[in-house]
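Shown here: upload.pdb, PDB, C-alpha atoms.
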```pdb
ATOM      1  CA  MET F   1     -11.554  12.650  35.179
ATOM      2  CA  ALA F   2      -8.565  10.374  35.601
ATOM      3  CA  TYR F   3      -5.256  11.738  34.468
ATOM      4  CA  ASN F   4      -3.962   9.926  31.381
ATOM      5  CA  PRO F   5      -0.480  11.099  30.525
ATOM      6  CA  SER F   6      -0.414   9.139  27.275
ATOM      7  CA  SER F   7      -3.082  11.413  25.826
ATOM      8  CA  CYS F   8      -1.532  14.690  26.967
ATOM      9  CA  PHE F   9       0.709  16.688  24.665
ATOM     10  CA  HIS F  10       2.268  20.001  25.488
ATOM     11  CA  PRO F  11       2.645  22.316  22.471
ATOM     12  CA  SER F  12       6.324  22.838  23.217
ATOM     13  CA  PHE F  13       6.899  19.099  23.256
ATOM     14  CA  CYS F  14       5.056  18.769  19.958
ATOM     15  CA  PHE F  15       7.292  21.441  18.479
ATOM     16  CA  LEU F  16      10.427  19.629  19.659
ATOM     17  CA  PHE F  17       9.078  16.315  18.393
ATOM     18  CA  ILE F  18       8.564  17.718  14.908
ATOM     19  CA  ILE F  19      11.928  19.492  14.838
ATOM     20  CA  PHE F  20      14.193  16.798  16.297
ATOM     21  CA  VAL F  21      12.469  13.427  15.922
ATOM     22  CA  LEU F  22      10.071  13.371  12.987
ATOM     23  CA  PRO F  23      12.664  14.030  10.246
ATOM     24  CA  TYR F  24      14.534  10.851  11.206
ATOM     25  CA  PHE F  25      11.504   8.643  10.631
ATOM     26  CA  CYS F  26      10.226  10.281   7.441
ATOM     27  CA  PRO F  27      11.420   9.441   3.906
ATOM     28  CA  THR F  28      14.263  11.629   2.746
ATOM     29  CA  LYS F  29      15.483  12.431  -0.711
ATOM     30  CA  ALA F  30      18.293  10.119  -1.683
ATOM     31  CA  GLN F  31      21.101  11.026  -4.017
ATOM     32  CA  ALA F  32      19.143  11.121  -7.241
ATOM     33  CA  ALA F  33      22.000  10.389  -9.622
ATOM     34  CA  SER F  34      22.913   7.204  -7.748
ATOM     35  CA  HIS F  35      19.340   5.972  -8.129
ATOM     36  CA  CYS F  36      19.360   6.188 -11.924
ATOM     37  CA  ARG F  37      20.310   2.595 -12.607
ATOM     38  CA  THR F  38      22.779   2.210 -15.451
ATOM     39  CA  SER F  39      22.019  -1.385 -16.370
ATOM     40  CA  CYS F  40      19.390  -4.100 -16.312
ATOM     41  CA  GLY F  41      20.954  -7.526 -16.373
ATOM     42  CA  THR F  42      23.757  -7.291 -18.933
ATOM     43  CA  ILE F  43      22.208  -4.443 -20.940
ATOM     44  CA  PRO F  44      23.542  -0.901 -20.280
ATOM     45  CA  ILE F  45      20.952   1.828 -19.724
ATOM     46  CA  SER F  46      22.025   5.287 -20.909
ATOM     47  CA  TYR F  47      20.377   8.520 -22.010
ATOM     48  CA  PRO F  48      17.781   8.840 -23.475
ATOM     49  CA  PHE F  49      16.464   5.698 -21.773
ATOM     50  CA  SER F  50      15.901   4.936 -18.119
ATOM     51  CA  ILE F  51      14.258   2.343 -15.914
ATOM     52  CA  ASP F  52      13.732   4.809 -13.052
ATOM     53  CA  ASP F  53      11.163   7.562 -13.298
ATOM     54  CA  GLY F  54      12.696  11.039 -13.588
ATOM     55  CA  CYS F  55      15.879   9.810 -15.296
ATOM     56  CA  GLY F  56      16.707  10.046 -18.992
ATOM     57  CA  SER F  57      14.414  11.799 -21.459
ATOM     58  CA  PRO F  58      10.688  12.258 -20.802
ATOM     59  CA  TYR F  59      10.096  11.168 -24.418
ATOM     60  CA  TYR F  60      10.864   7.597 -23.320
ATOM     61  CA  ARG F  61       9.202   7.689 -19.923
ATOM     62  CA  HIS F  62       7.796   4.277 -18.860
ATOM     63  CA  ILE F  63       8.982   2.695 -22.133
ATOM     64  CA  LEU F  64      11.506   0.296 -20.583
ATOM     65  CA  VAL F  65      10.939  -1.959 -17.575
ATOM     66  CA  CYS F  66      13.479  -4.021 -15.647
ATOM     67  CA  SER F  67      11.580  -7.141 -14.576
ATOM     68  CA  ASP F  68      11.968  -8.837 -11.196
ATOM     69  CA  SER F  69      13.965 -11.575 -12.924
ATOM     70  CA  GLY F  70      16.461  -9.022 -14.267
ATOM     71  CA  PHE F  71      15.324  -8.909 -17.890
ATOM     72  CA  LEU F  72      14.884  -5.623 -19.751
ATOM     73  CA  GLU F  73      11.487  -5.327 -21.427
ATOM     74  CA  LEU F  74       9.994  -2.907 -23.948
ATOM     75  CA  ARG F  75       6.434  -1.838 -23.211
ATOM     76  CA  THR F  76       4.210  -1.343 -26.292
ATOM     77  CA  PRO F  77       0.446  -1.309 -26.952
ATOM     78  CA  SER F  78       0.620  -4.966 -28.001
ATOM     79  CA  GLY F  79       2.468  -6.186 -24.896
ATOM     80  CA  ARG F  80       5.847  -6.363 -23.190
ATOM     81  CA  TYR F  81       8.789  -7.745 -25.132
ATOM     82  CA  GLN F  82      12.236  -8.743 -23.938
ATOM     83  CA  VAL F  83      15.047  -6.501 -25.171
ATOM     84  CA  ARG F  84      18.020  -8.491 -26.375
ATOM     85  CA  SER F  85      20.425  -5.582 -26.932
ATOM     86  CA  ILE F  86      20.653  -1.794 -27.269
ATOM     87  CA  SER F  87      23.091   0.127 -29.453
ATOM     88  CA  TYR F  88      23.605   3.831 -28.733
ATOM     89  CA  SER F  89      26.204   4.480 -31.464
ATOM     90  CA  ASP F  90      23.798   3.189 -34.130
ATOM     91  CA  PRO F  91      20.592   3.942 -32.229
ATOM     92  CA  HIS F  92      18.470   0.807 -32.205
ATOM     93  CA  MET F  93      17.371  -2.056 -30.001
ATOM     94  CA  ILE F  94      16.631  -5.682 -30.786
ATOM     95  CA  VAL F  95      13.532  -7.170 -29.195
ATOM     96  CA  THR F  96      12.115 -10.676 -29.285
ATOM     97  CA  ASP F  97       8.468 -11.544 -29.807
ATOM     98  CA  PRO F  98       7.551 -14.794 -28.001
ATOM     99  CA  PHE F  99       4.436 -15.148 -30.205
ATOM    100  CA  MET F 100       6.482 -15.082 -33.382
ATOM    101  CA  TRP F 101       7.207 -18.288 -35.314
ATOM    102  CA  SER F 102      10.522 -19.967 -34.447
ATOM    103  CA  CYS F 103      12.475 -22.881 -35.847
ATOM    104  CA  GLN F 104      11.248 -25.107 -33.024
ATOM    105  CA  ASP F 105       7.646 -24.637 -34.192
ATOM    106  CA  GLY F 106       8.296 -26.184 -37.589
ATOM    107  CA  HIS F 107       4.988 -26.581 -39.428
ATOM    108  CA  HIS F 108       3.011 -26.475 -36.166
ATOM    109  CA  PHE F 109       1.861 -22.864 -36.033
ATOM    110  CA  ARG F 110       0.840 -21.267 -32.738
ATOM    111  CA  ALA F 111      -1.693 -18.515 -32.244
ATOM    112  CA  THR F 112       0.090 -15.211 -32.673
ATOM    113  CA  ARG F 113      -0.560 -11.486 -32.466
ATOM    114  CA  PRO F 114       0.972  -8.577 -34.382
ATOM    115  CA  PHE F 115       3.775  -6.571 -32.826
ATOM    116  CA  SER F 116       3.001  -2.851 -32.694
ATOM    117  CA  LEU F 117       4.555   0.396 -31.499
ATOM    118  CA  ASP F 118       2.922   3.492 -30.101
ATOM    119  CA  THR F 119       3.081   6.015 -32.941
ATOM    120  CA  SER F 120       3.261   8.901 -30.454
ATOM    121  CA  THR F 121       6.702   7.777 -29.230
ATOM    122  CA  HIS F 122      10.114   8.328 -30.821
ATOM    123  CA  LEU F 123      10.378   4.620 -31.685
ATOM    124  CA  THR F 124      10.065   3.268 -35.230
ATOM    125  CA  LEU F 125      10.271  -0.145 -36.879
ATOM    126  CA  SER F 126      13.508  -0.413 -38.819
ATOM    127  CA  SER F 127      13.525  -0.789 -42.586
ATOM    128  CA  GLN F 128      16.169  -3.487 -42.029
ATOM    129  CA  ASN F 129      13.450  -5.871 -40.842
ATOM    130  CA  ASP F 130      12.112  -8.539 -43.214
ATOM    131  CA  TYR F 131       8.789 -10.218 -42.472
ATOM    132  CA  LEU F 132       7.959 -13.777 -43.417
ATOM    133  CA  PHE F 133       4.385 -15.091 -43.459
ATOM    134  CA  PHE F 134       3.452 -18.757 -43.428
ATOM    135  CA  ASN F 135       0.509 -20.708 -44.882
ATOM    136  CA  CYS F 136      -1.331 -17.651 -46.177
ATOM    137  CA  SER F 137      -4.710 -17.994 -47.896
ATOM    138  CA  GLU F 138      -4.050 -17.471 -51.594
ATOM    139  CA  GLU F 139      -7.674 -16.426 -51.999
ATOM    140  CA  ARG F 140      -7.044 -13.404 -49.766
ATOM    141  CA  VAL F 141      -3.299 -12.765 -50.186
ATOM    142  CA  ILE F 142      -1.375 -12.443 -53.451
ATOM    143  CA  VAL F 143       1.308 -15.104 -53.000
ATOM    144  CA  GLN F 144       3.496 -14.977 -56.101
ATOM    145  CA  PRO F 145       7.193 -14.857 -57.002
ATOM    146  CA  LYS F 146       7.731 -11.102 -56.891
ATOM    147  CA  PRO F 147      10.003 -10.619 -59.954
ATOM    148  CA  ILE F 148       7.557 -12.415 -62.229
ATOM    149  CA  PHE F 149       4.496 -10.749 -60.706
ATOM    150  CA  CYS F 150       6.041  -7.269 -60.932
ATOM    151  CA  GLU F 151       6.777  -7.742 -64.627
ATOM    152  CA  ARG F 152       3.155  -8.668 -65.270
ATOM    153  CA  PHE F 153       1.504  -6.204 -62.866
ATOM    154  CA  PRO F 154       3.901  -3.324 -62.111
ATOM    155  CA  ASP F 155       1.085  -1.218 -60.619
ATOM    156  CA  ARG F 156       0.338  -3.943 -58.047
ATOM    157  CA  CYS F 157       3.942  -4.935 -57.337
ATOM    158  CA  ASP F 158       3.916  -3.717 -53.712
ATOM    159  CA  SER F 159       0.884  -5.821 -52.835
ATOM    160  CA  THR F 160       2.477  -9.197 -53.527
ATOM    161  CA  CYS F 161       3.883 -11.527 -50.873
ATOM    162  CA  ASP F 162       7.058 -12.850 -52.470
ATOM    163  CA  SER F 163       7.105 -16.654 -52.377
ATOM    164  CA  ALA F 164      10.546 -16.770 -54.055
ATOM    165  CA  SER F 165      12.350 -14.618 -51.495
ATOM    166  CA  TYR F 166      15.869 -15.491 -50.394
ATOM    167  CA  LEU F 167      14.862 -15.828 -46.739
ATOM    168  CA  CYS F 168      12.016 -18.218 -47.497
ATOM    169  CA  ARG F 169      14.514 -20.442 -49.285
ATOM    170  CA  HIS F 170      17.179 -19.955 -46.593
ATOM    171  CA  LEU F 171      15.450 -19.726 -43.246
ATOM    172  CA  PRO F 172      18.128 -18.688 -40.691
ATOM    173  CA  GLY F 173      19.187 -21.706 -38.690
ATOM    174  CA  CYS F 174      16.559 -24.123 -40.039
ATOM    175  CA  SER F 175      16.214 -24.141 -43.820
ATOM    176  CA  ASN F 176      13.962 -27.221 -43.920
ATOM    177  CA  ALA F 177      11.855 -26.569 -40.832
ATOM    178  CA  LEU F 178       8.642 -25.686 -42.690
ATOM    179  CA  GLY F 179       8.320 -28.909 -44.659
ATOM    180  CA  SER F 180       5.422 -28.534 -47.088
ATOM    181  CA  SER F 181       4.111 -25.303 -45.513
ATOM    182  CA  SER F 182       4.221 -22.198 -47.690
ATOM    183  CA  CYS F 183       6.288 -19.087 -47.010
ATOM    184  CA  CYS F 184       6.338 -15.607 -48.500
ATOM    185  CA  SER F 185       8.047 -12.290 -47.712
ATOM    186  CA  TYR F 186       6.086  -9.055 -47.371
ATOM    187  CA  LEU F 187       6.924  -5.647 -45.892
ATOM    188  CA  PRO F 188       3.885  -4.293 -44.018
ATOM    189  CA  LYS F 189       3.396  -0.565 -44.483
ATOM    190  CA  ALA F 190       1.844  -0.159 -41.043
ATOM    191  CA  THR F 191       0.605  -2.083 -38.029
ATOM    192  CA  GLU F 192      -2.806  -2.384 -39.651
ATOM    193  CA  SER F 193      -1.397  -4.177 -42.705
ATOM    194  CA  LEU F 194       0.531  -6.554 -40.434
ATOM    195  CA  ARG F 195      -2.691  -7.271 -38.543
ATOM    196  CA  LEU F 196      -4.517  -7.872 -41.830
ATOM    197  CA  MET F 197      -1.838 -10.269 -43.061
ATOM    198  CA  LEU F 198      -2.042 -12.296 -39.873
ATOM    199  CA  LYS F 199      -5.786 -12.514 -40.340
ATOM    200  CA  TYR F 200      -5.174 -14.609 -43.461
ATOM    201  CA  CYS F 201      -1.820 -16.242 -42.589
ATOM    202  CA  ALA F 202      -1.043 -18.889 -39.973
ATOM    203  CA  SER F 203       1.946 -17.087 -38.423
ATOM    204  CA  TYR F 204       4.836 -14.735 -39.097
ATOM    205  CA  ALA F 205       8.493 -14.135 -38.277
ATOM    206  CA  SER F 206      10.579 -10.981 -38.245
ATOM    207  CA  ILE F 207      14.190 -11.196 -39.375
ATOM    208  CA  TYR F 208      16.682  -8.341 -39.095
ATOM    209  CA  TRP F 209      20.111  -8.053 -40.667
ATOM    210  CA  ARG F 210      22.962  -7.591 -38.239
ATOM    211  CA  THR F 211      26.526  -6.647 -39.108
ATOM    212  CA  GLY F 212      28.869  -9.616 -39.200
ATOM    213  CA  VAL F 213      32.168  -9.846 -37.357
ATOM    214  CA  ASN F 214      34.306  -9.893 -40.499
ATOM    215  CA  SER F 215      33.304  -6.572 -42.109
ATOM    216  CA  PRO F 216      30.524  -3.975 -42.097
ATOM    217  CA  ASP F 217      29.383  -5.330 -45.463
ATOM    218  CA  ASP F 218      28.922  -8.795 -43.983
ATOM    219  CA  GLN F 219      25.208  -8.942 -43.109
ATOM    220  CA  VAL F 220      23.816 -11.908 -41.204
ATOM    221  CA  PRO F 221      20.062 -12.602 -40.866
ATOM    222  CA  GLU F 222      18.732 -13.276 -37.364
ATOM    223  CA  TYR F 223      15.285 -13.619 -35.834
ATOM    224  CA  GLY F 224      14.120 -10.557 -33.946
ATOM    225  CA  ILE F 225      12.638  -7.105 -34.382
ATOM    226  CA  ARG F 226      14.891  -4.112 -34.853
ATOM    227  CA  VAL F 227      13.412  -0.949 -33.336
ATOM    228  CA  GLU F 228      15.128   2.379 -33.984
ATOM    229  CA  PHE F 229      15.022   5.408 -31.702
ATOM    230  CA  ASP F 230      16.037   9.055 -31.656
ATOM    231  CA  ILE F 231      18.444  10.569 -29.131
ATOM    232  CA  PRO F 232      17.200  14.081 -28.272
ATOM    233  CA  VAL F 233      20.214  16.417 -28.121
ATOM    234  CA  THR F 234      19.791  19.593 -26.086
ATOM    235  CA  THR F 235      22.250  22.196 -24.818
ATOM    236  CA  ASP F 236      21.061  21.631 -21.243
ATOM    237  CA  CYS F 237      21.753  17.904 -21.428
ATOM    238  CA  LEU F 238      25.180  18.362 -23.037
ATOM    239  CA  GLN F 239      26.192  20.847 -20.323
ATOM    240  CA  CYS F 240      24.873  18.542 -17.616
ATOM    241  CA  GLN F 241      26.878  15.563 -18.917
ATOM    242  CA  ASP F 242      30.066  17.630 -19.386
ATOM    243  CA  MET F 243      32.633  16.248 -16.915
ATOM    244  CA  LYS F 244      34.186  19.714 -16.578
ATOM    245  CA  LYS F 245      30.838  20.978 -15.307
ATOM    246  CA  GLY F 246      30.214  18.212 -12.826
ATOM    247  CA  GLY F 247      29.356  15.174 -14.923
ATOM    248  CA  GLY F 248      25.677  14.961 -14.010
ATOM    249  CA  SER F 249      22.947  12.796 -15.514
ATOM    250  CA  CYS F 250      20.131  14.162 -17.646
ATOM    251  CA  GLY F 251      16.708  13.819 -16.099
ATOM    252  CA  PHE F 252      13.411  15.596 -15.650
ATOM    253  CA  ASP F 253      10.872  16.624 -13.052
ATOM    254  CA  THR F 254       8.159  13.966 -12.927
ATOM    255  CA  GLN F 255       5.410  16.523 -12.409
ATOM    256  CA  SER F 256       6.304  19.271 -14.900
ATOM    257  CA  GLN F 257       8.609  17.108 -17.102
ATOM    258  CA  SER F 258      10.985  20.083 -17.269
ATOM    259  CA  PHE F 259      14.715  19.382 -17.529
ATOM    260  CA  LEU F 260      16.778  18.573 -14.432
ATOM    261  CA  CYS F 261      20.479  17.833 -14.136
ATOM    262  CA  LEU F 262      20.840  15.019 -11.615
ATOM    263  CA  CYS F 263      23.948  15.531  -9.503
ATOM    264  CA  ASN F 264      25.697  13.555  -6.784
ATOM    265  CA  GLN F 265      23.998  15.730  -4.216
ATOM    266  CA  ARG F 266      20.714  15.697  -2.380
ATOM    267  CA  SER F 267      19.198  18.189  -4.790
ATOM    268  CA  ASN F 268      19.268  18.732  -8.522
ATOM    269  CA  VAL F 269      19.764  21.800 -10.680
ATOM    270  CA  THR F 270      18.261  23.168 -13.853
ATOM    271  CA  THR F 271      21.610  23.790 -15.585
ATOM    272  CA  TYR F 272      24.713  21.808 -14.563
ATOM    273  CA  CYS F 273      26.180  20.560 -11.305
ATOM    274  CA  ASN F 274      28.991  23.112 -10.923
ATOM    275  CA  ASP F 275      26.724  26.091 -11.550
ATOM    276  CA  HIS F 276      26.539  27.447  -8.009
ATOM    277  CA  SER F 277      24.533  30.467  -9.128
ATOM    278  CA  THR F 278      21.532  28.252  -9.830
ATOM    279  CA  THR F 279      19.162  27.429  -7.031
ATOM    280  CA  SER F 280      18.912  23.728  -6.313
ATOM    281  CA  HIS F 281      15.608  21.996  -6.866
ATOM    282  CA  SER F 282      14.561  18.811  -5.163
ATOM    283  CA  LYS F 283      12.874  16.282  -7.417
ATOM    284  CA  ALA F 284       9.403  16.112  -5.914
ATOM    285  CA  GLY F 285       7.947  12.660  -6.250
ATOM    286  CA  VAL F 286      11.047  11.231  -7.905
ATOM    287  CA  ILE F 287      13.079   8.286  -6.634
ATOM    288  CA  ALA F 288      13.103   8.856  -2.903
ATOM    289  CA  GLY F 289      15.158   6.775  -0.503
ATOM    290  CA  THR F 290      14.201   6.018   3.085
ATOM    291  CA  VAL F 291      16.263   6.132   6.252
ATOM    292  CA  THR F 292      16.570   2.633   7.669
ATOM    293  CA  GLY F 293      17.909   3.571  11.082
ATOM    294  CA  VAL F 294      17.873   6.397  13.610
ATOM    295  CA  SER F 295      21.071   8.418  13.706
ATOM    296  CA  ALA F 296      22.849   9.648  16.809
ATOM    297  CA  ALA F 297      21.368  13.090  16.272
ATOM    298  CA  GLY F 298      17.937  11.503  16.254
ATOM    299  CA  VAL F 299      18.604   9.757  19.561
ATOM    300  CA  ILE F 300      19.820  13.017  21.108
ATOM    301  CA  GLY F 301      16.746  14.764  19.778
ATOM    302  CA  ILE F 302      14.452  12.161  21.324
ATOM    303  CA  GLY F 303      16.240  12.436  24.687
ATOM    304  CA  ALA F 304      16.089  16.220  24.688
ATOM    305  CA  GLY F 305      12.416  16.130  23.812
ATOM    306  CA  LEU F 306      11.553  13.719  26.622
ATOM    307  CA  TRP F 307      13.574  15.728  29.179
ATOM    308  CA  TYR F 308      11.859  18.950  28.191
ATOM    309  CA  TRP F 309       8.439  17.297  28.235
ATOM    310  CA  LYS F 310       8.973  16.027  31.801
ATOM    311  CA  LYS F 311      10.086  19.504  32.871
ATOM    312  CA  VAL F 312       7.029  21.303  31.526
ATOM    313  CA  ARG F 313       4.435  18.600  32.246
ATOM    314  CA  ALA F 314       3.879  19.834  35.815
ATOM    315  CA  THR F 315       2.844  23.293  34.599
ATOM    316  CA  ALA F 316       1.132  22.205  31.400
ATOM    317  CA  PRO F 317      -2.600  22.799  31.147
ATOM    318  CA  VAL F 318      -4.610  19.599  31.416
ATOM    319  CA  THR F 319      -6.146  18.823  28.023
ATOM    320  CA  CYS F 320      -6.329  15.049  28.417
ATOM    321  CA  GLY F 321      -8.481  13.357  25.807
ATOM    322  CA  VAL F 322      -9.216  16.659  24.064
ATOM    323  CA  GLN F 323      -7.705  17.641  20.723
ATOM    324  CA  SER F 324      -7.714  21.365  20.219
ATOM    325  CA  ASN F 325      -5.817  23.779  18.041
ATOM    326  CA  GLU F 326      -3.339  24.191  20.903
ATOM    327  CA  ASN F 327      -2.317  20.536  21.336
ATOM    328  CA  ARG F 328      -2.805  18.871  17.939
ATOM    329  CA  LEU F 329       0.285  17.471  16.192
ATOM    330  CA  PHE F 330      -0.698  18.432  12.663
TER     331      PHE F 330
END
```
Using the file provided, produce a representation of the structure as structure tokens.
Amino acid sequence: MAYNPSSCFHPSFCFLFIIFVLPYFCPTKAQAASHCRTSCGTIPISYPFSIDDGCGSPYYRHILVCSDSGFLELRTPSGRYQVRSISYSDPHMIVTDPFMWSCQDGHHFRATRPFSLDTSTHLTLSSQNDYLFFNCSEERVIVQPKPIFCERFPDRCDSTCDSASYLCRHLPGCSNALGSSSCCSYLPKATESLRLMLKYCASYASIYWRTGVNSPDDQVPEYGIRVEFDIPVTTDCLQCQDMKKGGGSCGFDTQSQSFLCLCNQRSNVTTYCNDHSTTSHSKAGVIAGTVTGVSAAGVIGIGAGLWYWKKVRATAPVTCGVQSNENRLF
């Protein structure tokens, strides 16, 4: 049999290869805290949200997505919607629904679909939203001026779609856009009622009330959907974020979803960054970086391995072309 050095591996060389060379070509854990992005476009990303798996609160895992074009999007059962803003002091976000009626549509109504949220999440539709419905079938929907209807039928007051609402008479930004099309205001009790309304109405629009610049009492109507969220407060997270204890970022293990404090180190801890009594834990499967070049130590390791391999090759047993338990790499 002809000698083929390319197929021969001495066990000692394999050992050196694994020890000195392989680690410099394999992915390594990057500094986890630096990989928790703090913004998407112009929108800041803070706890409890994240756009990187393992950061923030597991309650909001995979809820937000930063698109390739740099837009923040909310993922819901009905689709993905662009997030216009997030407030953490008054916890809510404003999202836009591209299927919703807009001033540019006028009386030309497009096919639409109801916006919905996953009821298992900590997200809720705000009570500050008003919903307008256009060209509803009066055979299927009670379209009446609400004050008059409620006087006549107080037990059915909640079922009316108010055709005399302020917003129908003062559409934000385009009061006369509808022309002869009808408009009424109705607050759906759930996603199912919104879906039922759209079955008998041509389209809808959501309008939220934002605080004006002059005073907190100055409320201005704008198109959009206000979604409110909870901020889970835990002792572990507060200690982790405490600057006196290292100023880490709150995160979680992607496999167990247990709490992790993400520090400016190569490993994370289960308490806070300055707690040296706690064993560090690497975040398995979470946000790993890769080495893009071979360091000087790697080059030295390769050279040492080759030198040692040449030295022992003369006395190495010939196992060319045969993979046994003695010469296999793994």
**Asked** Smallest atom-to-atom distance to Leu260 in chain F: which of F:Thr121, F:Gln239, F:Ser78, F:Gln104, using all atoms listed in the file?
**Response**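 Nearest to Leu260 in chain F: F:Gln239.
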**Request:** Determine, counting only C-alpha atoms, which protein, DNA and RNA residues have an atom within 9 Å of an atom of Tyr272 in chain F; residues of the same chain fewer than 5 positions away are not included. Present the result as a VMD selection string.
**Result:** chain F and resid 236 to 237 239 to 242 245 to 248 260 to 263 278
Keeping only C-alpha atoms, write the selected residues to a file as a compact mmCIF listing (two decimals), keeping the file's coordinate frame.
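Result went into result_36.txt, see below:
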```txt
# COMPACT_ATOMS: atom_id res chain seq x y z
CA ASP F 236 21.06 21.63 -21.24
CA CYS F 237 21.75 17.90 -21.43
CA GLN F 239 26.19 20.85 -20.32
CA CYS F 240 24.87 18.54 -17.62
CA GLN F 241 26.88 15.56 -18.92
CA ASP F 242 30.07 17.63 -19.39
CA LYS F 245 30.84 20.98 -15.31
CA GLY F 246 30.21 18.21 -12.83
CA GLY F 247 29.36 15.17 -14.92
CA GLY F 248 25.68 14.96 -14.01
CA LEU F 260 16.78 18.57 -14.43
CA CYS F 261 20.48 17.83 -14.14
CA LEU F 262 20.84 15.02 -11.62
CA CYS F 263 23.95 15.53 -9.50
CA THR F 278 21.53 28.25 -9.83
```
**Item:** Hits of the PyMOL selection byres ((chain F and resi 129) around 9) in this structure, as a VMD selection string
**Value:** chain F and resid 125 to 128 130 to 131 187 206 to 209 224 to 227
**Message:** I'd like the residues picked by the PyMOL selection byres ((chain F and resi 201-205) around 8) written out as a list in words, using the chain letters and numbers from the file.
**Reply:**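 Taken on the displayed file, the PyMOL selection byres ((chain F and resi 201-205) around 8) yields the residues Met100, Trp101, Ser102, Phe109, Arg110, Ala111, Thr112, Tyr131, Leu132, Phe133, Phe134, Asn135, Cys136, Ser137, Met197, Leu198, Lys199, Tyr200, Ser206, Ile207, Tyr223 and Gly224 of chain F.
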**Complete:** CA of Pro48 in chain F sits from CA of Leu64 in chain F at a separation of 11.0 Å
**Item:** Nearest to Arg195 in chain F, chosen from F:Ser116, F:Ser163, F:Asn268, F:Ser182, with all atoms listed in the file counted in the distances
**Value:** F:Ser116
**Request:** Considering only C-alpha atoms, return as number ranges by chain whatever protein or nucleic-acid residues lie within 12 Å of Cys150 in chain F, sequence-local ones (same chain, fewer than 6 positions apart) excluded.
**Result:** F: 142, 144, 156-162
**Prompt:** What's the 12 Å shell around Ser69 in chain F, counting only C-alpha atoms, without same-chain residues fewer than 2 positions away, as a PyMOL selection string?
**Reply:** chain F and resi 40-41+65-67+71-73+82
